[in-house]
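Working notes, beginning with the structure itself.
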Amino acid sequence: MPVTWGAVQGRVVFDSSRQHGFVEQKSTGFSWTGSRSVLLTDRPAVYVHDAVGLGLGNQVITALDPATDPDATVELVDKSTRLVVEVRLPQGRSLTATSGELSAPALAALTGLRGRLMRDAAATDFISPCAVSITPQYESHTPAESAPAELAAYVVIAGGRLQLRNRGTIALAWPVNRIVAAPVGPTAVEVQGGALLGGHFLTGATLHLVTHQVQQAFLAALRAAAPGPRTVGTSAPVLIRGLTQESEPSKADCVLSTAALEFQAPDTQQLLARFDLGDPHLRVAGSAERFVIFNPAHGPVTVECASEAFGRRLHQNAELRAAAERTLTSGVLPAELADGRPVACGFTADGMRVKGSAVNVLIPYQGIRAVECDPAVIRPTLRVVTERTEHGIIGQPELLQALHTEIRAWSNACANPRQIPDMLRAGVGLEEDYLLYTVFGPFYELHAALLGDVGADELGTPVTLPASVQERSHIAAVLQIGLGELQAHLDQITAILPAFLRHRDGLLLAPVTGGAEPGWLKATESRLRTALSPVQRAAGETAQLTAQLSRLIDLDPDTLPKVSYAGAAVSLGAAALINPVFAVSGISQAYSARTQGEQRKAQVTAQSERGWALVLDRWNALVTSSLPVLGYVLTENMFAIRWETARRIGEQIRTAPEGARGPLLRAVARRLATLDVMRRYPAGSGVRLRRGEIADHLRAARQAIRTPRFADF
């Protein structure tokens with residue numbers, strides 16, 4: 001028998017006492033016995049009738065008037081066929097109840113809510129009657145178990161965006177001009193467009209809009225909100241700075257398509273800037289969370305992205321990565337000033353130009369008194385000190401290293417061409433740091449990771465067996481990653497480094513020889529291979545350590561921690577560009593394995609305890625005794641060859657025609673700058689030790705080793 005509700009406010013849109021299959025799921029503050037029924041009106045208001053026994057005097061009606069979301073959550077689920085009501089009422093009462101499949105008239109009546117449970121319903125271009133069913137369409141590789149197959153949310157069009165609002169939060173927001181929509185059946189709409197939902201990428205969604213009238217109202221509002229042409233792309237909200245004179249970042253939609261990265265105003269859909277990803281003039285540097293993008297038409301623009309998933313998508317874009325790698329060697333470098341303003345740094349014969357919105361500074365090379373950087377801090381700053389002022393430029397260490405190199409190279413190029421032989425000899429002197437780091441640096445980076453990311457002054461500390469099982473598992477993970485990388489690295493040293501040095505010397509001589517390689521230069525490659533033969537001793541010891549470790553503990557590589565690219569440099573591979581022999585990714589993973597703190601099981605028996613001690617003893621002996629000796633032998637073997645090469649290059653330069661002197665000067669100036677700057681920076685974002693610090697440690701360790709006393713003669 002229907003309940004008599006008495007006076008209610010508004011038109012009734014749902015009465016559970018008239019619906020079969022309406023079931024209470026949970027309630028608080030009501031009687032232990034009896035039953036509850038729910039009435040919804042379009043005031044909007046919610047009434048709950050609590051009937052206790054048969055006596056009319058025991059009946060209680062509690063009202064939530066006016067009702068607003070999320071205190072009153074009304075959702076249509078299962079493709080908008082069933083109702084879920086969750087209300088928080090006065091006197092500490094609450095109720096959650098669900099219905100069975102509703103009839104068409106009941107669904108039509110519910111549309112009378114008109115979204116009024118949302119406080120700003122009147123200010124929207126469209127709002128669904130209540131929260132309705134949404135079927136997300138995920139990218140094909142999204143794991144089914146990690147992404148919801150359906151969600152309930154208000155469908156809202158407001159401020160040029162299609163929003164899905166769920167219990168007081170905006171779960172997703174599409175720019176309306178970046179989606180296309182079409183009706184599906186009498187009540188649903190299929191939306192196509194890239195977006196992020198809970199860290200997962202969507203290609204679109206199906207909106208179950210209850211009735212045909214609501215469907216048509218939605219499509220009409222969507223057409224009115226974006227009457228122009230539509231292009232589909234994956235979008236995410238970002239903060240940008242640099243397109244206007246404003247000092248504070250402004251909100252924008254960042255839209256990534258296969259061909260472009262675009263920024264548009266979130267409320268008006270006005271296109272603010274478009275960067276063609278295939279443009280050879282495109283420059284980008286920074287991290288996936290915060291980067292600066294530039295081309296001659298727009299920018300530089302700072303982009304801050306809070307979404308880790310969208311940052312990964314940016315990082316995975318091949319053309320964006322190509323632009324980032326091109327940036328490091330192009331001579332036009334986007335960065336930020338200390339106050340956050342984005343700038344582009346360019347280099348010409350008369351000085352370094354720093355240019356951006358309301359910034360235009362020329363710094364003559366002759367006026368630069370110092371260039372300093374600490375790449376180990378959270379936001380590294382390159383300080384360019386002149387006679388009158390100081391300029392601070394902020395960026396990723398890879399970018400600042402490239403910027404520092406450009407400054408040094410152009411400053412060196414201001415020298416007189418007669419000084420080229422002196423610069424060649426200075427470059428050979430700096431090659432000791434280069435060779436010591438290139439060959440042995442990865443060992444010390446791994447040693448630092450085993451110790452827990454120590455500084456250069458602690459590289460002589462031996463690694464000891466940790467007491468806890470978790471720490472031992474960390475050591476095992478770091479060693480397994482690192483030793484594998486070291487083996488691959490040492491194989492490349494003997495196979496590639498001699499040819500690489502010969503190739504670089506050939507490029508240096510190209511302005512003189514017209515690109516033809518002298519016979520004497522070709523002959524140096526075999527001599528360099530012989531000089532590098534002591535490296536095989538380190539390779540053999542590394543292989544034995546790897547085999548011994550695998551007998552102690554066999555970790556599945558798939559279970560090891562992976563590098564997170566949320567904050568990885570968009571400007572990839574600076575180390576690989578300057579020194580292609582060793583790209584530091586593997587040792588970065590070793591650092592990651594050491595610092596992530598993931599718990600892992602490692603069964604350590606009495607037998608393996610002894611094995612662990614032997615492995616660590618051999619490793620400590622390798623880095624504290626063997627490598628310094630090998631470093632001494634290597635440099636002694638190599639430097640006679642390198643000094644002779646410098647002398648021969650100098651002779652050819654002296655006999656070079658006058659027109660070749662300018663290109664030669666620039667080439668030698670850049671080599672000297674690269675060798676000088678490279679030792680001041682770490683090998684990559686995952687490693688804290690600077691290359692020069694490793695080389696200094698090796699020299700000091702070599703001098704500290706006891707050597708036999710030979711009779712004087």
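Chain lettering (A, B, ...) mirrors the order of the structure tokens, residue numbering begins at 1 for each chain separately, and ligand numbering begins at 1 in order of display.
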Practice item. Pick out each residue of region 394-567 of chain A that DSSP on the backbone tags as helix (DSSP H, G or I); I need them as an MDAnalysis selection string. Key: chainID A and resid 397:412 417:451 456:458 469:513 519:531 535:552 557:559
Since we have the selection now, will you write its residues out, keeping C-alpha atoms, as a compact mmCIF listing (two decimals), in the first residue's frame?
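The result, written out as result12.txt:
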```txt
# COMPACT_ATOMS: atom_id res chain seq x y z
CA PRO A 397 71.54 19.14 -15.89
CA GLU A 398 71.76 17.84 -19.47
CA LEU A 399 70.56 21.16 -20.85
CA LEU A 400 72.81 23.23 -18.60
CA GLN A 401 75.78 21.11 -19.63
CA ALA A 402 75.00 21.81 -23.29
CA LEU A 403 74.52 25.52 -22.49
CA HIS A 404 77.80 25.63 -20.56
CA THR A 405 79.57 23.93 -23.47
CA GLU A 406 78.21 26.47 -25.96
CA ILE A 407 79.43 29.37 -23.82
CA ARG A 408 82.91 27.84 -23.51
CA ALA A 409 83.08 26.90 -27.20
CA TRP A 410 82.16 30.38 -28.43
CA SER A 411 84.46 32.00 -25.87
CA ASN A 412 87.34 29.77 -27.01
CA PRO A 417 93.89 31.20 -35.01
CA ARG A 418 97.61 31.09 -34.13
CA GLN A 419 96.58 29.64 -30.76
CA ILE A 420 95.06 26.50 -32.27
CA PRO A 421 98.11 24.26 -31.48
CA ASP A 422 98.06 25.43 -27.88
CA MET A 423 94.35 24.63 -27.66
CA LEU A 424 95.00 21.17 -29.13
CA ARG A 425 97.59 20.47 -26.46
CA ALA A 426 95.20 21.73 -23.74
CA GLY A 427 92.55 19.36 -25.10
CA VAL A 428 94.92 16.39 -24.90
CA GLY A 429 95.65 17.31 -21.30
CA LEU A 430 91.92 17.17 -20.51
CA GLU A 431 91.61 13.80 -22.25
CA GLU A 432 92.98 12.09 -19.14
CA ASP A 433 89.76 12.92 -17.30
CA TYR A 434 87.76 11.83 -20.33
CA LEU A 435 89.47 8.45 -20.66
CA LEU A 436 89.49 7.65 -16.94
CA TYR A 437 85.79 8.40 -16.66
CA THR A 438 84.79 6.81 -19.96
CA VAL A 439 86.43 3.49 -19.13
CA PHE A 440 86.14 3.25 -15.35
CA GLY A 441 83.48 5.78 -14.36
CA PRO A 442 80.57 3.29 -14.49
CA PHE A 443 82.31 1.08 -11.91
CA TYR A 444 82.38 3.93 -9.43
CA GLU A 445 78.82 4.96 -10.21
CA LEU A 446 77.76 1.40 -9.39
CA HIS A 447 79.92 1.43 -6.26
CA ALA A 448 78.18 4.64 -5.11
CA ALA A 449 74.79 3.02 -5.73
CA LEU A 450 75.80 0.00 -3.63
CA LEU A 451 76.87 2.29 -0.80
CA ALA A 456 83.00 11.45 -4.29
CA ASP A 457 84.89 11.67 -1.00
CA GLU A 458 83.40 8.32 0.07
CA VAL A 469 67.13 -9.08 4.42
CA GLN A 470 65.60 -6.07 2.66
CA GLU A 471 68.97 -4.32 2.34
CA ARG A 472 70.55 -7.49 0.97
CA SER A 473 67.85 -7.71 -1.64
CA HIS A 474 68.62 -4.10 -2.58
CA ILE A 475 72.29 -4.98 -2.99
CA ALA A 476 71.34 -7.99 -5.13
CA ALA A 477 69.11 -5.88 -7.37
CA VAL A 478 71.74 -3.17 -7.81
CA LEU A 479 74.49 -5.67 -8.54
CA GLN A 480 72.44 -7.68 -11.01
CA ILE A 481 71.50 -4.59 -13.01
CA GLY A 482 74.89 -2.93 -12.69
CA LEU A 483 77.17 -5.88 -13.48
CA GLY A 484 75.20 -6.63 -16.63
CA GLU A 485 75.59 -3.03 -17.74
CA LEU A 486 79.30 -3.06 -16.94
CA GLN A 487 79.89 -6.14 -19.10
CA ALA A 488 78.11 -4.53 -22.05
CA HIS A 489 80.02 -1.30 -21.43
CA LEU A 490 83.45 -2.94 -21.41
CA ASP A 491 82.64 -4.82 -24.63
CA GLN A 492 81.87 -1.46 -26.25
CA ILE A 493 85.05 0.15 -24.94
CA THR A 494 87.41 -2.13 -26.85
CA ALA A 495 85.15 -2.37 -29.91
CA ILE A 496 84.04 1.24 -30.32
CA LEU A 497 86.26 3.71 -28.43
CA PRO A 498 89.32 3.44 -30.77
CA ALA A 499 87.14 3.97 -33.84
CA PHE A 500 85.29 6.80 -32.10
CA LEU A 501 88.53 8.67 -31.27
CA ARG A 502 89.81 8.20 -34.82
CA HIS A 503 86.49 9.44 -36.23
CA ARG A 504 86.51 12.57 -34.03
CA ASP A 505 90.08 13.38 -35.07
CA GLY A 506 89.06 12.93 -38.71
CA LEU A 507 86.22 15.44 -38.27
CA LEU A 508 88.68 17.90 -36.74
CA LEU A 509 90.95 17.63 -39.80
CA ALA A 510 88.12 17.72 -42.36
CA PRO A 511 88.46 21.48 -43.13
CA VAL A 512 92.13 20.86 -44.02
CA THR A 513 91.90 17.52 -45.82
CA GLY A 519 96.82 7.28 -43.69
CA TRP A 520 98.63 7.96 -40.42
CA LEU A 521 95.31 8.60 -38.68
CA LYS A 522 93.87 5.33 -39.89
CA ALA A 523 96.92 3.50 -38.52
CA THR A 524 96.37 4.90 -34.99
CA GLU A 525 93.19 2.86 -34.50
CA SER A 526 94.99 -0.48 -34.18
CA ARG A 527 97.52 1.08 -31.79
CA LEU A 528 94.66 2.40 -29.65
CA ARG A 529 93.09 -1.07 -29.52
CA THR A 530 96.35 -2.49 -28.22
CA ALA A 531 96.60 0.31 -25.65
CA VAL A 535 90.49 -3.30 -20.00
CA GLN A 536 89.96 -7.01 -20.65
CA ARG A 537 91.23 -7.78 -17.16
CA ALA A 538 88.38 -5.72 -15.67
CA ALA A 539 85.97 -7.40 -18.09
CA GLY A 540 87.07 -10.85 -16.96
CA GLU A 541 86.69 -9.98 -13.27
CA THR A 542 83.24 -8.51 -13.93
CA ALA A 543 82.14 -11.70 -15.73
CA GLN A 544 83.31 -13.85 -12.82
CA LEU A 545 81.46 -11.65 -10.33
CA THR A 546 78.30 -11.92 -12.42
CA ALA A 547 78.51 -15.72 -12.47
CA GLN A 548 79.17 -15.89 -8.74
CA LEU A 549 76.25 -13.58 -7.98
CA SER A 550 73.85 -15.62 -10.11
CA ARG A 551 74.65 -18.69 -7.99
CA LEU A 552 73.77 -16.76 -4.84
CA PRO A 557 64.67 -8.95 -14.31
CA ASP A 558 60.95 -8.23 -14.74
CA THR A 559 60.58 -7.89 -10.96
```
Point to revise | Distance query Cys373 (chain A) at most 10 Å, only C-alpha atoms, self and fewer than 4 positions along chain excluded, as an NGL selection string | key: :A and (377 or 380-384 or 392-394 or 397 or 400-401 or 404 or 680-681)
Expected file contents, prior selection, N, CA and C atoms, as a tab-separated table (two decimals), in the first residue's frame:
```tsv
chain	number	residue	atom	x	y	z
A	377	VAL	N	71.66	19.84	-7.23
A	377	VAL	CA	70.51	20.38	-6.53
A	377	VAL	C	69.23	20.04	-7.29
A	380	PRO	N	68.78	22.73	-10.82
A	380	PRO	CA	70.11	23.28	-11.07
A	380	PRO	C	70.04	24.63	-11.79
A	381	THR	N	71.00	25.51	-11.45
A	381	THR	CA	71.07	26.84	-12.04
A	381	THR	C	72.47	27.08	-12.58
A	382	LEU	N	72.54	27.52	-13.82
A	382	LEU	CA	73.81	27.93	-14.41
A	382	LEU	C	73.97	29.42	-14.17
A	383	ARG	N	75.00	29.80	-13.43
A	383	ARG	CA	75.26	31.21	-13.11
A	383	ARG	C	76.29	31.76	-14.10
A	384	VAL	N	75.87	32.74	-14.88
A	384	VAL	CA	76.76	33.41	-15.83
A	384	VAL	C	77.08	34.78	-15.24
A	392	GLY	N	71.06	34.00	-13.86
A	392	GLY	CA	70.81	32.62	-13.45
A	392	GLY	C	69.86	31.93	-14.42
A	393	ILE	N	70.29	30.83	-15.00
A	393	ILE	CA	69.48	30.09	-15.98
A	393	ILE	C	69.22	28.70	-15.41
A	394	ILE	N	67.94	28.34	-15.34
A	394	ILE	CA	67.52	27.08	-14.71
A	394	ILE	C	67.13	26.07	-15.77
A	397	PRO	N	70.07	19.18	-15.78
A	397	PRO	CA	71.54	19.14	-15.89
A	397	PRO	C	72.03	18.93	-17.32
A	400	LEU	N	71.83	22.27	-19.09
A	400	LEU	CA	72.81	23.23	-18.60
A	400	LEU	C	74.22	22.84	-19.04
A	401	GLN	N	74.48	21.54	-19.13
A	401	GLN	CA	75.78	21.11	-19.63
A	401	GLN	C	75.96	21.55	-21.08
A	404	HIS	N	76.45	25.33	-21.04
A	404	HIS	CA	77.80	25.63	-20.56
A	404	HIS	C	78.83	25.37	-21.66
A	680	ARG	N	82.66	18.48	-15.45
A	680	ARG	CA	82.01	19.23	-14.36
A	680	ARG	C	80.59	18.73	-14.06
A	681	TYR	N	80.09	17.75	-14.86
A	681	TYR	CA	78.70	17.31	-14.74
A	681	TYR	C	78.63	15.80	-14.56
```
Check your understanding: Leaving out Arg93 (chain A) and any residue of its chain fewer than 4 positions from it, which residues lie within 7 Å of it when counting only C-alpha atoms, given as a PyMOL selection string?
Key -> chain A and resi 28-30+88-89
Point to revise | Contacts of region 146-154 of chain A at 8 Å (only C-alpha atoms; same-chain gap of 3+ positions) as a list in words | key: Glu75, Leu76, Val77, Asp78, Gly115, Ile127, Ser128, Pro129, Cys130, Ala131, Val132, Ser133, Ile134, Thr135, Pro136, Thr142, Pro143, Gln163, Leu164, Arg165, Asn166, Arg167, Gly198 and His200 of chain A
With C-alpha atoms retained, export the selected residues as a short mmCIF file (atom, residue, chain, number, x, y, z; two decimals), in the first residue's frame.
```cif
data_model
loop_
_atom_site.label_atom_id
_atom_site.label_comp_id
_atom_site.auth_asym_id
_atom_site.auth_seq_id
_atom_site.Cartn_x
_atom_site.Cartn_y
_atom_site.Cartn_z
CA GLU A 75 23.11 7.72 -9.75
CA LEU A 76 21.82 5.64 -12.64
CA VAL A 77 24.00 2.57 -13.14
CA ASP A 78 24.11 -0.49 -15.43
CA GLY A 115 20.73 18.19 -12.51
CA ILE A 127 23.80 18.92 -17.26
CA SER A 128 22.43 15.39 -17.06
CA PRO A 129 19.39 14.89 -14.77
CA CYS A 130 21.56 13.04 -12.27
CA ALA A 131 24.73 11.00 -12.39
CA VAL A 132 24.36 8.60 -15.33
CA SER A 133 26.28 5.56 -16.57
CA ILE A 134 29.50 6.16 -18.51
CA THR A 135 31.24 3.34 -20.38
CA PRO A 136 34.90 4.39 -20.88
CA THR A 142 45.11 -0.79 -20.83
CA PRO A 143 44.93 -3.69 -18.28
CA GLN A 163 33.07 17.34 -17.83
CA LEU A 164 32.31 14.14 -15.99
CA ARG A 165 31.65 15.07 -12.35
CA ASN A 166 31.61 12.38 -9.74
CA ARG A 167 30.67 13.08 -6.09
CA GLY A 198 42.38 7.79 -13.34
CA HIS A 200 44.50 5.62 -17.97
#
```
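The list of residues with at least one atom within 9 Å of Gln9 (chain A), based on only C-alpha atoms and without residues fewer than 6 positions apart in the same chain, reads Thr41, Asp42, Arg43, Pro44, Ala45 and Asp65 of chain A.
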Next, write the just-selected residues to a file, as a short mmCIF file (atom, residue, chain, number, x, y, z; two decimals), in the first residue's frame, keeping C-alpha atoms as the atom set.
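out-v9.cif, freshly written:
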```
data_model
loop_
_atom_site.label_atom_id
_atom_site.label_comp_id
_atom_site.auth_asym_id
_atom_site.auth_seq_id
_atom_site.Cartn_x
_atom_site.Cartn_y
_atom_site.Cartn_z
CA THR A 41 11.44 15.74 -5.70
CA ASP A 42 12.66 18.34 -8.14
CA ARG A 43 12.87 21.07 -5.46
CA PRO A 44 15.35 19.27 -5.07
CA ALA A 45 14.61 17.44 -1.83
CA ASP A 65 15.61 20.00 1.96
#
```
Review point. Near Ser99 (chain A), counting only C-alpha atoms, which residues have an atom at most 9 Å away, once you skip same-chain residues fewer than 6 positions from it, shown as a PyMOL selection string?
Key: chain A and resi 16+19-24+82-85
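Coordinates place CA of Ala370 (chain A) at a distance of 5.1 Å from CA of Val385 (chain A).
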Taking a cut-off of 7 Å and counting only C-alpha atoms, can you build a table that, for each residue of region 336-422 of chain A near region 274-294 of chain A, reports the nearest atom pair and how far apart they are in Å (one decimal), sorted by chain then residue number, as a Markdown table?
```
| residue | atom | partner | partner_atom | distance |
| --- | --- | --- | --- | --- |
| A:Pro342 | CA | A:Val292 | CA | 6.7 |
| A:Gly395 | CA | A:Gly286 | CA | 6.2 |
| A:Gln396 | CA | A:Gly286 | CA | 5.5 |
| A:Leu399 | CA | A:Ala285 | CA | 6.8 |
```
Exercise for review: Going by DSSP on the backbone, which bits of region 21-94 of chain A are strand (DSSP E)? Write them as number ranges by chain, please.
Suggested key: A: 23-28, 35-41, 45-51, 60-64, 72-77, 82-88, 94
For those residues, write N, CA and C atoms to a file as an mmCIF file, in the first residue's frame.
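File produced: result-v7.cif:
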```cif
data_model
loop_
_atom_site.group_PDB
_atom_site.id
_atom_site.type_symbol
_atom_site.label_atom_id
_atom_site.label_comp_id
_atom_site.auth_asym_id
_atom_site.auth_seq_id
_atom_site.Cartn_x
_atom_site.Cartn_y
_atom_site.Cartn_z
ATOM 1 N N VAL A 23 15.852 -1.881 -2.738
ATOM 2 C CA VAL A 23 16.453 -2.605 -1.613
ATOM 3 C C VAL A 23 17.386 -1.679 -0.847
ATOM 4 N N GLU A 24 17.209 -1.664 0.457
ATOM 5 C CA GLU A 24 18.112 -0.907 1.326
ATOM 6 C C GLU A 24 19.415 -1.683 1.493
ATOM 7 N N GLN A 25 20.535 -1.008 1.235
ATOM 8 C CA GLN A 25 21.849 -1.638 1.364
ATOM 9 C C GLN A 25 22.488 -1.373 2.722
ATOM 10 N N LYS A 26 22.352 -0.151 3.204
ATOM 11 C CA LYS A 26 22.989 0.224 4.466
ATOM 12 C C LYS A 26 22.294 1.460 5.002
ATOM 13 N N SER A 27 22.147 1.515 6.337
ATOM 14 C CA SER A 27 21.559 2.710 6.947
ATOM 15 C C SER A 27 22.152 2.916 8.331
ATOM 16 N N THR A 28 22.163 4.170 8.774
ATOM 17 C CA THR A 28 22.602 4.506 10.127
ATOM 18 C C THR A 28 21.628 5.528 10.705
ATOM 19 N N SER A 35 11.035 -0.739 7.937
ATOM 20 C CA SER A 35 11.603 -0.564 6.611
ATOM 21 C C SER A 35 11.621 0.912 6.261
ATOM 22 N N ARG A 36 12.462 1.244 5.246
ATOM 23 C CA ARG A 36 12.594 2.612 4.805
ATOM 24 C C ARG A 36 12.166 2.733 3.336
ATOM 25 N N SER A 37 11.606 3.855 2.986
ATOM 26 C CA SER A 37 11.319 4.182 1.595
ATOM 27 C C SER A 37 11.792 5.603 1.334
ATOM 28 N N VAL A 38 12.043 5.893 0.041
ATOM 29 C CA VAL A 38 12.686 7.151 -0.353
ATOM 30 C C VAL A 38 11.806 7.878 -1.358
ATOM 31 N N LEU A 39 11.714 9.187 -1.199
ATOM 32 C CA LEU A 39 11.000 10.042 -2.135
ATOM 33 C C LEU A 39 11.949 11.143 -2.596
ATOM 34 N N LEU A 40 12.037 11.352 -3.932
ATOM 35 C CA LEU A 40 12.847 12.420 -4.501
ATOM 36 C C LEU A 40 11.929 13.419 -5.183
ATOM 37 N N THR A 41 12.196 14.707 -5.002
ATOM 38 C CA THR A 41 11.442 15.744 -5.701
ATOM 39 C C THR A 41 12.397 16.668 -6.422
ATOM 40 N N ALA A 45 14.693 17.864 -3.218
ATOM 41 C CA ALA A 45 14.606 17.443 -1.828
ATOM 42 C C ALA A 45 14.545 15.927 -1.787
ATOM 43 N N VAL A 46 14.983 15.376 -0.644
ATOM 44 C CA VAL A 46 14.940 13.933 -0.425
ATOM 45 C C VAL A 46 14.221 13.683 0.898
ATOM 46 N N TYR A 47 13.283 12.745 0.879
ATOM 47 C CA TYR A 47 12.551 12.367 2.087
ATOM 48 C C TYR A 47 12.736 10.875 2.296
ATOM 49 N N VAL A 48 12.995 10.494 3.556
ATOM 50 C CA VAL A 48 13.099 9.077 3.911
ATOM 51 C C VAL A 48 12.031 8.775 4.949
ATOM 52 N N HIS A 49 11.192 7.775 4.631
ATOM 53 C CA HIS A 49 10.110 7.358 5.525
ATOM 54 C C HIS A 49 10.556 6.109 6.259
ATOM 55 N N ASP A 50 10.609 6.204 7.593
ATOM 56 C CA ASP A 50 11.030 5.079 8.434
ATOM 57 C C ASP A 50 9.794 4.536 9.126
ATOM 58 N N ALA A 51 9.333 3.351 8.714
ATOM 59 C CA ALA A 51 8.130 2.720 9.287
ATOM 60 C C ALA A 51 8.550 1.649 10.270
ATOM 61 N N VAL A 60 8.415 7.790 11.066
ATOM 62 C CA VAL A 60 9.248 9.002 11.102
ATOM 63 C C VAL A 60 9.625 9.364 9.667
ATOM 64 N N ILE A 61 9.445 10.625 9.312
ATOM 65 C CA ILE A 61 9.873 11.117 8.005
ATOM 66 C C ILE A 61 11.000 12.127 8.219
ATOM 67 N N THR A 62 12.151 11.853 7.586
ATOM 68 C CA THR A 62 13.318 12.737 7.679
ATOM 69 C C THR A 62 13.537 13.392 6.322
ATOM 70 N N ALA A 63 13.719 14.694 6.300
ATOM 71 C CA ALA A 63 13.841 15.425 5.039
ATOM 72 C C ALA A 63 15.223 16.047 4.906
ATOM 73 N N LEU A 64 15.758 15.985 3.717
ATOM 74 C CA LEU A 64 16.955 16.738 3.335
ATOM 75 C C LEU A 64 16.485 17.774 2.308
ATOM 76 N N ALA A 72 23.467 14.323 -1.219
ATOM 77 C CA ALA A 72 22.448 13.500 -1.864
ATOM 78 C C ALA A 72 23.012 13.027 -3.194
ATOM 79 N N THR A 73 23.441 11.780 -3.249
ATOM 80 C CA THR A 73 24.001 11.213 -4.471
ATOM 81 C C THR A 73 22.949 10.346 -5.140
ATOM 82 N N VAL A 74 22.568 10.723 -6.337
ATOM 83 C CA VAL A 74 21.573 9.977 -7.105
ATOM 84 C C VAL A 74 22.245 9.544 -8.398
ATOM 85 N N GLU A 75 22.380 8.241 -8.598
ATOM 86 C CA GLU A 75 23.114 7.718 -9.748
ATOM 87 C C GLU A 75 22.287 6.676 -10.481
ATOM 88 N N LEU A 76 22.382 6.698 -11.808
ATOM 89 C CA LEU A 76 21.821 5.639 -12.645
ATOM 90 C C LEU A 76 22.979 4.777 -13.125
ATOM 91 N N VAL A 77 22.906 3.488 -12.834
ATOM 92 C CA VAL A 77 24.002 2.573 -13.138
ATOM 93 C C VAL A 77 23.510 1.491 -14.093
ATOM 94 N N ARG A 82 19.332 1.195 -13.625
ATOM 95 C CA ARG A 82 19.016 1.006 -12.203
ATOM 96 C C ARG A 82 19.438 2.247 -11.434
ATOM 97 N N LEU A 83 18.735 2.486 -10.329
ATOM 98 C CA LEU A 83 18.979 3.677 -9.518
ATOM 99 C C LEU A 83 19.727 3.319 -8.247
ATOM 100 N N VAL A 84 20.702 4.157 -7.884
ATOM 101 C CA VAL A 84 21.396 4.062 -6.597
ATOM 102 C C VAL A 84 21.240 5.416 -5.910
ATOM 103 N N VAL A 85 20.752 5.380 -4.668
ATOM 104 C CA VAL A 85 20.573 6.597 -3.884
ATOM 105 C C VAL A 85 21.413 6.486 -2.622
ATOM 106 N N GLU A 86 22.198 7.523 -2.366
ATOM 107 C CA GLU A 86 23.004 7.567 -1.137
ATOM 108 C C GLU A 86 22.841 8.966 -0.551
ATOM 109 N N VAL A 87 22.244 9.027 0.656
ATOM 110 C CA VAL A 87 21.954 10.342 1.246
ATOM 111 C C VAL A 87 22.478 10.420 2.669
ATOM 112 N N ARG A 88 22.963 11.632 2.999
ATOM 113 C CA ARG A 88 23.334 11.941 4.374
ATOM 114 C C ARG A 88 22.298 12.942 4.889
ATOM 115 N N SER A 94 21.830 8.303 7.713
ATOM 116 C CA SER A 94 22.276 8.104 6.325
ATOM 117 C C SER A 94 21.635 6.835 5.795
#
```
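A straight line drawn from CA of Glu693 (chain A) to CA of Ala376 (chain A) is 12.8 Å long.
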**Study point:** Coordinates-based distance that separates CA of Val180 (chain A) from CA of Val301 (chain A) (Å, one decimal)
**Key:** 28.7 Å
Exercise for review: For Val343 (chain A), please output as a ChimeraX atom specification all residues within 9 Å (counting only C-alpha atoms; exclusion window: fewer than 3 positions along the same chain).
Suggested key: /A:242,292,294,299-302,333-337,354-357,359-360,393
Region 601-689 of chain A near region 694-707 of chain A within 7 Å: what's each residue's closest atom pair and its distance in Å to one decimal, counting only C-alpha atoms, ordered by chain then ascending residue number, as CSV?
```
residue,atom,partner,partner_atom,distance
A:Pro628,CA,A:Arg702,CA,4.7
A:Val629,CA,A:Arg702,CA,6.1
A:Tyr632,CA,A:Arg702,CA,6.8
```
Go ahead and dump the residues you just picked, N, CA and C atoms, as an mmCIF file, in the first residue's frame.
```
data_model
loop_
_atom_site.group_PDB
_atom_site.id
_atom_site.type_symbol
_atom_site.label_atom_id
_atom_site.label_comp_id
_atom_site.auth_asym_id
_atom_site.auth_seq_id
_atom_site.Cartn_x
_atom_site.Cartn_y
_atom_site.Cartn_z
ATOM 1 N N PRO A 628 92.447 1.349 -10.044
ATOM 2 C CA PRO A 628 93.462 2.414 -10.075
ATOM 3 C C PRO A 628 94.727 2.017 -10.834
ATOM 4 N N VAL A 629 95.169 0.756 -10.664
ATOM 5 C CA VAL A 629 96.351 0.298 -11.397
ATOM 6 C C VAL A 629 96.070 0.262 -12.891
ATOM 7 N N TYR A 632 96.149 3.659 -14.352
ATOM 8 C CA TYR A 632 97.513 4.141 -14.584
ATOM 9 C C TYR A 632 98.076 3.548 -15.876
#
```
